[in-house]
>>> print(open('start28.tsv').read())   # TSV, C-alpha atoms
chain	number	residue	atom	x	y	z
C	1	MET	CA	-12.26	95.77	-11.10
C	2	ASP	CA	-13.71	98.58	-13.19
C	3	PHE	CA	-11.85	101.86	-13.61
C	4	LYS	CA	-13.96	103.83	-11.13
C	5	GLU	CA	-13.28	101.23	-8.44
C	6	PHE	CA	-9.61	101.30	-9.39
C	7	ILE	CA	-9.54	105.06	-8.79
C	8	GLU	CA	-11.36	104.80	-5.48
C	9	ASN	CA	-9.72	101.70	-3.98
C	10	GLY	CA	-6.44	101.22	-5.82
C	11	GLU	CA	-4.33	102.51	-2.95
C	12	LYS	CA	-5.54	99.59	-0.80
C	13	LEU	CA	-4.33	97.04	-3.36
C	14	TYR	CA	-1.11	98.54	-4.70
C	15	LEU	CA	2.14	99.76	-3.18
C	16	PRO	CA	2.01	103.55	-2.88
C	17	ASN	CA	4.00	105.84	-5.17
C	18	LEU	CA	5.61	103.00	-7.12
C	19	SER	CA	4.95	101.77	-10.65
C	20	VAL	CA	6.45	99.57	-13.39
C	21	ASP	CA	6.83	100.79	-16.99
C	22	MET	CA	7.77	98.57	-19.90
C	23	VAL	CA	9.55	99.49	-23.13
C	24	ILE	CA	8.38	96.58	-25.28
C	25	ILE	CA	10.63	96.41	-28.33
C	26	ALA	CA	10.13	94.51	-31.60
C	27	PHE	CA	11.75	94.33	-35.02
C	28	HIS	CA	9.32	94.82	-37.89
C	29	GLN	CA	9.77	95.80	-41.55
C	30	GLY	CA	13.43	96.59	-40.97
C	31	GLN	CA	12.74	98.99	-38.09
C	32	ILE	CA	13.14	98.86	-34.31
C	33	LYS	CA	9.74	99.65	-32.83
C	34	CYS	CA	8.18	99.97	-29.40
C	35	LEU	CA	4.63	99.33	-28.29
C	36	LEU	CA	2.67	102.34	-27.04
C	37	LEU	CA	-0.86	102.79	-25.70
C	38	GLN	CA	-3.13	105.76	-26.26
C	39	ILE	CA	-5.00	107.46	-23.43
C	40	GLY	CA	-6.75	110.66	-24.42
C	41	ASP	CA	-4.70	112.49	-27.04
C	42	LYS	CA	-1.31	111.23	-25.86
C	43	TRP	CA	0.61	107.98	-25.90
C	44	LEU	CA	2.34	106.18	-23.06
C	45	LEU	CA	4.24	103.04	-22.22
C	46	PRO	CA	2.50	99.86	-21.11
C	47	GLY	CA	2.83	99.58	-17.37
C	48	GLY	CA	1.07	99.03	-14.11
C	49	TYR	CA	1.30	98.95	-10.35
C	50	ILE	CA	2.72	96.49	-7.85
C	51	LEU	CA	0.25	94.59	-5.73
C	52	ARG	CA	0.98	94.63	-2.01
C	53	THR	CA	1.09	90.83	-2.16
C	54	GLU	CA	3.66	90.43	-4.98
C	55	SER	CA	7.33	91.10	-5.63
C	56	VAL	CA	8.60	93.62	-8.18
C	57	GLU	CA	9.73	90.78	-10.46
C	58	ASP	CA	6.34	89.04	-10.23
C	59	ALA	CA	4.60	92.34	-11.02
C	60	THR	CA	6.86	92.89	-14.04
C	61	VAL	CA	6.14	89.42	-15.43
C	62	ARG	CA	2.40	89.81	-14.78
C	63	ILE	CA	2.25	93.19	-16.55
C	64	LEU	CA	4.23	91.88	-19.52
C	65	ARG	CA	2.01	88.82	-19.87
C	66	GLU	CA	-1.13	90.92	-19.61
C	67	ARG	CA	0.10	93.37	-22.24
C	68	THR	CA	1.70	91.00	-24.77
C	69	GLY	CA	-0.01	87.63	-24.37
C	70	LEU	CA	3.44	86.01	-24.14
C	71	LYS	CA	3.87	83.23	-21.57
C	72	ASP	CA	7.58	83.66	-20.93
C	73	PRO	CA	8.57	87.16	-22.09
C	74	HIS	CA	12.14	88.44	-22.04
C	75	PHE	CA	12.76	91.48	-19.85
C	76	LYS	CA	15.72	93.37	-18.44
C	77	PHE	CA	15.85	96.11	-15.81
C	78	LEU	CA	16.52	99.54	-17.33
C	79	SER	CA	16.55	102.25	-14.67
C	80	VAL	CA	14.64	104.08	-11.96
C	81	PHE	CA	12.83	107.26	-13.00
C	82	GLY	CA	11.76	109.42	-10.10
C	83	GLY	CA	12.15	113.15	-10.60
C	84	GLU	CA	10.96	115.33	-7.73
C	85	ASP	CA	8.03	116.59	-9.82
C	86	ARG	CA	7.08	113.27	-11.42
C	87	LYS	CA	3.31	113.63	-11.18
C	88	PHE	CA	0.70	113.12	-13.90
C	89	THR	CA	-1.79	115.64	-12.51
C	90	GLU	CA	-2.84	117.33	-15.74
C	91	GLU	CA	-2.95	114.10	-17.73
C	92	TRP	CA	-5.20	112.38	-15.17
C	93	ARG	CA	-7.34	115.48	-14.63
C	94	GLN	CA	-8.06	115.81	-18.35
C	95	PHE	CA	-8.75	112.11	-18.82
C	96	LEU	CA	-11.05	111.78	-15.79
C	97	GLU	CA	-13.03	114.91	-16.58
C	98	ASN	CA	-13.44	113.80	-20.21
C	99	ASN	CA	-14.93	110.56	-18.90
C	100	ASP	CA	-17.24	112.20	-16.35
C	101	ILE	CA	-15.25	110.94	-13.37
C	102	HIS	CA	-14.68	113.42	-10.57
C	103	PHE	CA	-11.03	114.38	-10.14
C	104	THR	CA	-9.77	115.17	-6.64
C	105	GLU	CA	-6.36	116.51	-5.68
C	106	GLY	CA	-6.19	113.84	-2.96
C	107	CYS	CA	-6.58	110.92	-5.38
C	108	TRP	CA	-3.82	108.35	-4.87
C	109	LEU	CA	-2.88	108.61	-8.55
C	110	ASN	CA	-2.32	112.34	-8.16
C	111	ASP	CA	0.92	111.90	-6.26
C	112	ARG	CA	4.58	111.64	-7.12
C	113	PHE	CA	5.36	108.22	-8.60
C	114	VAL	CA	8.74	106.53	-8.92
C	115	THR	CA	8.78	104.01	-11.74
C	116	LEU	CA	10.94	100.95	-12.21
C	117	ALA	CA	11.51	100.85	-15.96
C	118	HIS	CA	12.39	97.67	-17.85
C	119	TYR	CA	12.78	96.82	-21.50
C	120	SER	CA	11.53	93.67	-23.18
C	121	LEU	CA	12.61	92.20	-26.53
C	122	VAL	CA	9.77	90.35	-28.26
C	123	ASP	CA	9.00	88.59	-31.53
C	124	PHE	CA	6.61	90.92	-33.36
C	125	GLU	CA	4.63	88.07	-34.96
C	126	LYS	CA	4.06	86.27	-31.67
C	127	THR	CA	3.06	89.34	-29.67
C	128	GLN	CA	-0.64	90.03	-29.25
C	129	PRO	CA	-1.02	93.46	-27.59
C	130	VAL	CA	-3.91	93.73	-25.15
C	131	LEU	CA	-5.72	96.98	-24.37
C	132	GLY	CA	-6.54	97.89	-20.80
C	133	ASP	CA	-9.88	99.28	-19.67
C	134	ILE	CA	-8.90	102.88	-20.36
C	135	ASP	CA	-6.67	102.44	-23.43
C	136	ALA	CA	-8.12	103.82	-26.65
C	137	ALA	CA	-5.63	102.10	-28.96
C	138	PHE	CA	-2.22	100.49	-29.28
C	139	GLN	CA	0.38	101.02	-31.96
C	140	TRP	CA	3.96	100.07	-32.74
C	141	PHE	CA	6.09	103.19	-33.26
C	142	ASN	CA	9.53	103.52	-34.79
C	143	MET	CA	11.81	104.41	-31.88
C	144	ASP	CA	13.25	107.22	-34.01
C	145	ASP	CA	9.82	108.75	-34.64
C	146	LEU	CA	7.85	108.88	-31.39
C	147	PRO	CA	4.49	110.64	-30.92
C	148	ASN	CA	3.42	113.08	-28.20
C	149	MET	CA	3.82	111.11	-24.96
C	150	TRP	CA	2.93	111.37	-21.29
C	151	MET	CA	5.49	113.35	-19.29
C	152	ASP	CA	8.84	111.49	-19.17
C	153	HIS	CA	7.83	108.38	-21.11
C	154	LYS	CA	9.70	109.53	-24.21
C	155	ASP	CA	12.88	109.85	-22.12
C	156	ILE	CA	12.36	106.29	-20.90
C	157	VAL	CA	12.05	105.00	-24.48
C	158	LEU	CA	15.18	106.86	-25.60
C	159	THR	CA	17.08	105.55	-22.58
C	160	ALA	CA	16.08	102.01	-23.54
C	161	LYS	CA	17.17	102.61	-27.12
C	162	GLU	CA	20.67	103.65	-26.03
C	163	ARG	CA	20.92	100.89	-23.40
C	164	LEU	CA	20.07	98.26	-25.99
C	165	LYS	CA	22.93	99.49	-28.19
C	166	GLU	CA	25.34	98.97	-25.31
C	167	ASP	CA	23.88	95.69	-24.07
C	168	ILE	CA	24.14	93.90	-27.42
C	169	LYS	CA	27.87	94.64	-27.44
C	170	GLN	CA	28.22	92.77	-24.15
C	171	GLU	CA	25.80	89.84	-24.49
C	172	GLN	CA	23.64	87.99	-26.99
C	173	LEU	CA	20.08	89.29	-26.65
C	174	THR	CA	18.83	90.12	-30.10
C	175	TYR	CA	17.62	86.62	-30.99
C	176	ASN	CA	14.61	87.44	-28.78
C	177	LEU	CA	13.50	89.81	-31.55
C	178	LEU	CA	13.56	87.11	-34.25
C	179	PRO	CA	11.61	83.91	-34.94
C	180	ASN	CA	12.96	80.69	-33.40
C	181	GLU	CA	14.72	79.95	-36.69
C	182	PHE	CA	16.51	82.74	-38.53
C	183	THR	CA	19.35	83.42	-40.96
C	184	MET	CA	22.57	85.28	-40.37
C	185	PRO	CA	21.54	87.96	-42.90
C	186	GLN	CA	18.41	88.55	-40.77
C	187	LEU	CA	20.49	88.83	-37.60
C	188	HIS	CA	22.94	91.14	-39.39
C	189	GLN	CA	20.13	93.42	-40.57
C	190	LEU	CA	18.72	93.52	-37.05
C	191	HIS	CA	22.02	94.60	-35.49
C	192	GLU	CA	22.49	97.31	-38.11
C	193	ALA	CA	18.98	98.64	-37.34
C	194	ILE	CA	19.69	98.74	-33.59
C	195	LEU	CA	23.11	100.37	-33.90
C	196	GLY	CA	22.13	102.68	-36.74
C	197	GLU	CA	25.34	101.97	-38.63
C	198	PRO	CA	26.64	99.49	-41.23
C	199	LEU	CA	28.44	96.34	-40.07
C	200	ASP	CA	30.81	94.24	-42.15
C	201	ARG	CA	28.73	91.16	-42.93
C	202	SER	CA	31.56	88.63	-42.99
C	203	ARG	CA	33.10	89.79	-39.71
C	204	PHE	CA	29.67	89.95	-38.09
C	205	GLN	CA	28.77	86.39	-39.09
C	206	LYS	CA	32.12	85.02	-37.88
C	207	LYS	CA	31.64	86.78	-34.54
C	208	MET	CA	28.11	85.43	-34.08
C	209	ILE	CA	29.11	81.87	-34.94
C	210	ALA	CA	32.17	82.09	-32.68
C	211	SER	CA	29.93	83.08	-29.75
C	212	GLY	CA	28.90	79.43	-29.57
C	213	ILE	CA	25.25	80.03	-28.72
C	214	PHE	CA	23.82	79.39	-32.20
C	215	GLU	CA	23.50	76.09	-34.01
C	216	ARG	CA	23.24	75.82	-37.76
C	217	LEU	CA	20.30	73.84	-39.07
C	218	PRO	CA	20.67	71.45	-42.00
C	219	LYS	CA	17.97	73.16	-44.03
C	220	LEU	CA	18.36	76.28	-46.15
C	221	LYS	CA	16.01	79.22	-46.26
C	222	LYS	CA	14.86	79.69	-49.83
C	223	GLU	CA	14.78	83.44	-50.43
C	224	SER	CA	15.61	83.78	-54.13
C	225	PRO	CA	17.43	81.87	-56.86
C	226	GLY	CA	21.10	81.49	-55.96
C	227	ARG	CA	20.71	82.97	-52.46
C	228	ASN	CA	19.67	80.39	-49.90
C	229	PRO	CA	21.39	81.01	-46.54
C	230	TYR	CA	21.44	78.48	-43.73
C	231	GLN	CA	19.02	78.88	-40.87
C	232	TYR	CA	20.14	79.04	-37.25
C	233	ARG	CA	18.58	78.81	-33.82
C	234	VAL	CA	19.73	79.27	-30.24
C	235	LYS	CA	21.29	76.12	-28.81
C	236	LYS	CA	19.13	74.38	-26.26
C	237	ALA	CA	20.49	74.45	-22.73
>>> encode(input="start28.tsv", output="C-alpha cells")
Amino acid sequence: MDFKEFIENGEKLYLPNLSVDMVIIAFHQGQIKCLLLQIGDKWLLPGGYILRTESVEDATVRILRERTGLKDPHFKFLSVFGGEDRKFTEEWRQFLENNDIHFTEGCWLNDRFVTLAHYSLVDFEKTQPVLGDIDAAFQWFNMDDLPNMWMDHKDIVLTAKERLKEDIKQEQLTYNLLPNEFTMPQLHQLHEAILGEPLDRSRFQKKMIASGIFERLPKLKKESPGRNPYQYRVKKA
C-alpha cells in the first residue's frame, strides 16, 4: 500500500483513534540511546496502527519486527498517552502539503489518537532499523539529548527512561541490551549508564551472580594484559 492509498483507505484497515508507539532502547558507546525516525523537520518514535484483524500484542510485535528486523524482540508495556488535544494536525498538514498531497480536515489521521506506548530493549549490533515509506532518516539519539520531536513523543521517551530505572531494580532486564555473552564489567557499566549514578562494582557483581539467572562461561574475555574477566550469559530455561 502506497502512502496516498494509506491516507485515503487507512480507516478501513485500522482501528480508529488508536496507535502503538515504541521506545526502542539500545546501549552504544557507553550511552543509553533510543531509535527515532525523521518526518519533515522533526523526529518521532517508531510506531504504527492496529489492524482490525489483529490483537494489540500482535500489532506491537509486528511493528517491532518491521522496524528493527529482530525476530523475537523484547518489549514491555509502558503507558497510555491520550490527552484531550492529542492530534497531529499541523504536523500532518505540513508534511502532506510539502509532498503535494491534499490535506483535508476530515482525514482519519486528523483526529484525536490514543497511543499504547511500549519500550523495547535491543542489542544495538543486531538491530537493523528499517525506514517506512515516509521516513526521511533514522538515528539513534542519546536519551539525555533529544531533538525536536512530534508533539508528546519526547514525554513518552522520558517516561520510558524513568520507568526503565525503576524496572531494573525489580527484575533482570538489562541483558537484552548486551550481546549473548558479556562480562560483569560490561553489565556494571550498563547499569550505571541507565541509573546515571556510580555503583559499587563488588556489591553489584555479587548481587547479579546471586540472582541466579546468569551462568559463568569457562572462557575469559581478553581485554588487556592482566585484565581478563569471565564471560557470562543468561541461563537457558
>>> closest_residue(input="start28.tsv", among="C:Gln139, C:Gln38, C:Asn99, C:Thr115", to="Thr60 of chain C", atoms="all atoms listed in the file")
C:Thr115
>>> atom_distance(input="start28.tsv", atom1="atom CA of Gln170 of chain C", atom2="atom CA of Ser211 of chain C")
11.3 Å
>>> residues_near_point(input="start28.tsv", point="(0.4, 88.6, -23.3)", cutoff="12 Å", atoms="all atoms listed in the file", output="PyMOL selection string")
chain C and resi 24+46+61-74+122-123+126-132
>>> closest_residue(input="start28.tsv", among="C:Glu97, C:Asp152, C:Asp133, C:Asp144", to="Asp21 of chain C", atoms="all atoms listed in the file")
C:Asp152
>>> residues_around(input="start28.tsv", residues="Ser79 of chain C", least_positions_apart="2", cutoff="7 Å", atoms="only C-alpha atoms", output="list in words")
Phe77, Phe81, Leu116, Ala117 and His118 of chain C
>>> atom_distance(input="start28.tsv", atom1="atom CA of Glu57 of chain C", atom2="atom CA of Asn9 of chain C")
23.2 Å
>>> decode(input="start28.tsv", residues="segment 131-167 of chain C", atoms="N, CA and C atoms", output="mmCIF file, in the first residue's frame")
data_model
loop_
_atom_site.group_PDB
_atom_site.id
_atom_site.type_symbol
_atom_site.label_atom_id
_atom_site.label_comp_id
_atom_site.auth_asym_id
_atom_site.auth_seq_id
_atom_site.Cartn_x
_atom_site.Cartn_y
_atom_site.Cartn_z
ATOM 1 N N LEU C 131 13.398 1.909 7.431
ATOM 2 C CA LEU C 131 12.610 3.120 7.178
ATOM 3 C C LEU C 131 11.270 2.763 6.554
ATOM 4 N N GLY C 132 10.232 3.505 6.957
ATOM 5 C CA GLY C 132 8.938 3.371 6.323
ATOM 6 C C GLY C 132 8.879 4.222 5.066
ATOM 7 N N ASP C 133 7.741 4.179 4.388
ATOM 8 C CA ASP C 133 7.600 4.882 3.115
ATOM 9 C C ASP C 133 7.783 6.389 3.240
ATOM 10 N N ILE C 134 7.461 6.951 4.396
ATOM 11 C CA ILE C 134 7.511 8.411 4.528
ATOM 12 C C ILE C 134 8.637 8.888 5.441
ATOM 13 N N ASP C 135 9.454 7.961 5.925
ATOM 14 C CA ASP C 135 10.561 8.344 6.810
ATOM 15 C C ASP C 135 11.751 8.835 5.989
ATOM 16 N N ALA C 136 12.286 9.982 6.375
ATOM 17 C CA ALA C 136 13.446 10.524 5.666
ATOM 18 C C ALA C 136 14.742 9.915 6.163
ATOM 19 N N ALA C 137 14.789 9.547 7.455
ATOM 20 C CA ALA C 137 16.027 9.027 8.035
ATOM 21 C C ALA C 137 15.718 8.383 9.376
ATOM 22 N N PHE C 138 16.666 7.605 9.879
ATOM 23 C CA PHE C 138 16.612 7.124 11.255
ATOM 24 C C PHE C 138 17.918 7.489 11.934
ATOM 25 N N GLN C 139 17.870 7.584 13.257
ATOM 26 C CA GLN C 139 19.084 7.885 14.004
ATOM 27 C C GLN C 139 18.892 7.463 15.451
ATOM 28 N N TRP C 140 19.991 6.996 16.061
ATOM 29 C CA TRP C 140 19.984 6.693 17.486
ATOM 30 C C TRP C 140 20.385 7.954 18.256
ATOM 31 N N PHE C 141 19.534 8.373 19.184
ATOM 32 C CA PHE C 141 19.796 9.573 19.976
ATOM 33 C C PHE C 141 20.012 9.217 21.444
ATOM 34 N N ASN C 142 20.987 9.888 22.050
ATOM 35 C CA ASN C 142 21.167 9.792 23.492
ATOM 36 C C ASN C 142 19.862 10.237 24.164
ATOM 37 N N MET C 143 19.370 9.454 25.101
ATOM 38 C CA MET C 143 18.095 9.789 25.737
ATOM 39 C C MET C 143 18.181 11.037 26.598
ATOM 40 N N ASP C 144 19.395 11.530 26.847
ATOM 41 C CA ASP C 144 19.568 12.785 27.574
ATOM 42 C C ASP C 144 19.735 13.978 26.631
ATOM 43 N N ASP C 145 19.695 13.735 25.341
ATOM 44 C CA ASP C 145 19.923 14.809 24.361
ATOM 45 C C ASP C 145 19.034 14.571 23.146
ATOM 46 N N LEU C 146 17.740 14.799 23.323
ATOM 47 C CA LEU C 146 16.750 14.503 22.287
ATOM 48 C C LEU C 146 16.542 15.694 21.356
ATOM 49 N N PRO C 147 16.218 15.436 20.096
ATOM 50 C CA PRO C 147 15.983 16.514 19.135
ATOM 51 C C PRO C 147 14.547 17.040 19.227
ATOM 52 N N ASN C 148 14.195 17.945 18.331
ATOM 53 C CA ASN C 148 12.826 18.453 18.231
ATOM 54 C C ASN C 148 11.925 17.319 17.761
ATOM 55 N N MET C 149 10.889 16.995 18.558
ATOM 56 C CA MET C 149 10.069 15.823 18.273
ATOM 57 C C MET C 149 8.592 16.173 18.110
ATOM 58 N N TRP C 150 7.874 15.272 17.460
ATOM 59 C CA TRP C 150 6.432 15.433 17.271
ATOM 60 C C TRP C 150 5.740 15.463 18.632
ATOM 61 N N MET C 151 4.910 16.420 18.820
ATOM 62 C CA MET C 151 4.028 16.637 19.956
ATOM 63 C C MET C 151 4.511 16.035 21.276
ATOM 64 N N ASP C 152 3.906 14.918 21.735
ATOM 65 C CA ASP C 152 4.244 14.403 23.061
ATOM 66 C C ASP C 152 5.252 13.260 23.024
ATOM 67 N N HIS C 153 5.901 13.039 21.883
ATOM 68 C CA HIS C 153 6.806 11.899 21.788
ATOM 69 C C HIS C 153 8.022 12.040 22.714
ATOM 70 N N LYS C 154 8.461 13.252 22.958
ATOM 71 C CA LYS C 154 9.567 13.432 23.904
ATOM 72 C C LYS C 154 9.137 13.018 25.301
ATOM 73 N N ASP C 155 7.909 13.334 25.691
ATOM 74 C CA ASP C 155 7.396 12.936 27.004
ATOM 75 C C ASP C 155 7.351 11.416 27.120
ATOM 76 N N ILE C 156 7.005 10.747 26.021
ATOM 77 C CA ILE C 156 6.957 9.281 26.036
ATOM 78 C C ILE C 156 8.356 8.716 26.264
ATOM 79 N N VAL C 157 9.359 9.275 25.567
ATOM 80 C CA VAL C 157 10.736 8.813 25.735
ATOM 81 C C VAL C 157 11.200 9.016 27.174
ATOM 82 N N LEU C 158 10.943 10.177 27.728
ATOM 83 C CA LEU C 158 11.390 10.472 29.093
ATOM 84 C C LEU C 158 10.667 9.604 30.118
ATOM 85 N N THR C 159 9.404 9.273 29.842
ATOM 86 C CA THR C 159 8.673 8.351 30.712
ATOM 87 C C THR C 159 9.315 6.972 30.679
ATOM 88 N N ALA C 160 9.707 6.528 29.482
ATOM 89 C CA ALA C 160 10.375 5.229 29.350
ATOM 90 C C ALA C 160 11.713 5.221 30.076
ATOM 91 N N LYS C 161 12.425 6.316 29.985
ATOM 92 C CA LYS C 161 13.728 6.416 30.652
ATOM 93 C C LYS C 161 13.580 6.231 32.160
ATOM 94 N N GLU C 162 12.598 6.893 32.759
ATOM 95 C CA GLU C 162 12.387 6.785 34.204
ATOM 96 C C GLU C 162 11.821 5.418 34.588
ATOM 97 N N ARG C 163 10.947 4.856 33.744
ATOM 98 C CA ARG C 163 10.390 3.535 34.028
ATOM 99 C C ARG C 163 11.482 2.469 34.024
ATOM 100 N N LEU C 164 12.405 2.587 33.079
ATOM 101 C CA LEU C 164 13.489 1.617 32.991
ATOM 102 C C LEU C 164 14.330 1.632 34.269
ATOM 103 N N LYS C 165 14.575 2.818 34.808
ATOM 104 C CA LYS C 165 15.331 2.925 36.058
ATOM 105 C C LYS C 165 14.646 2.141 37.174
ATOM 106 N N GLU C 166 13.329 2.232 37.230
ATOM 107 C CA GLU C 166 12.580 1.534 38.271
ATOM 108 C C GLU C 166 12.493 0.043 37.991
ATOM 109 N N ASP C 167 12.279 -0.320 36.736
ATOM 110 C CA ASP C 167 12.085 -1.730 36.397
ATOM 111 C C ASP C 167 13.328 -2.571 36.665
#
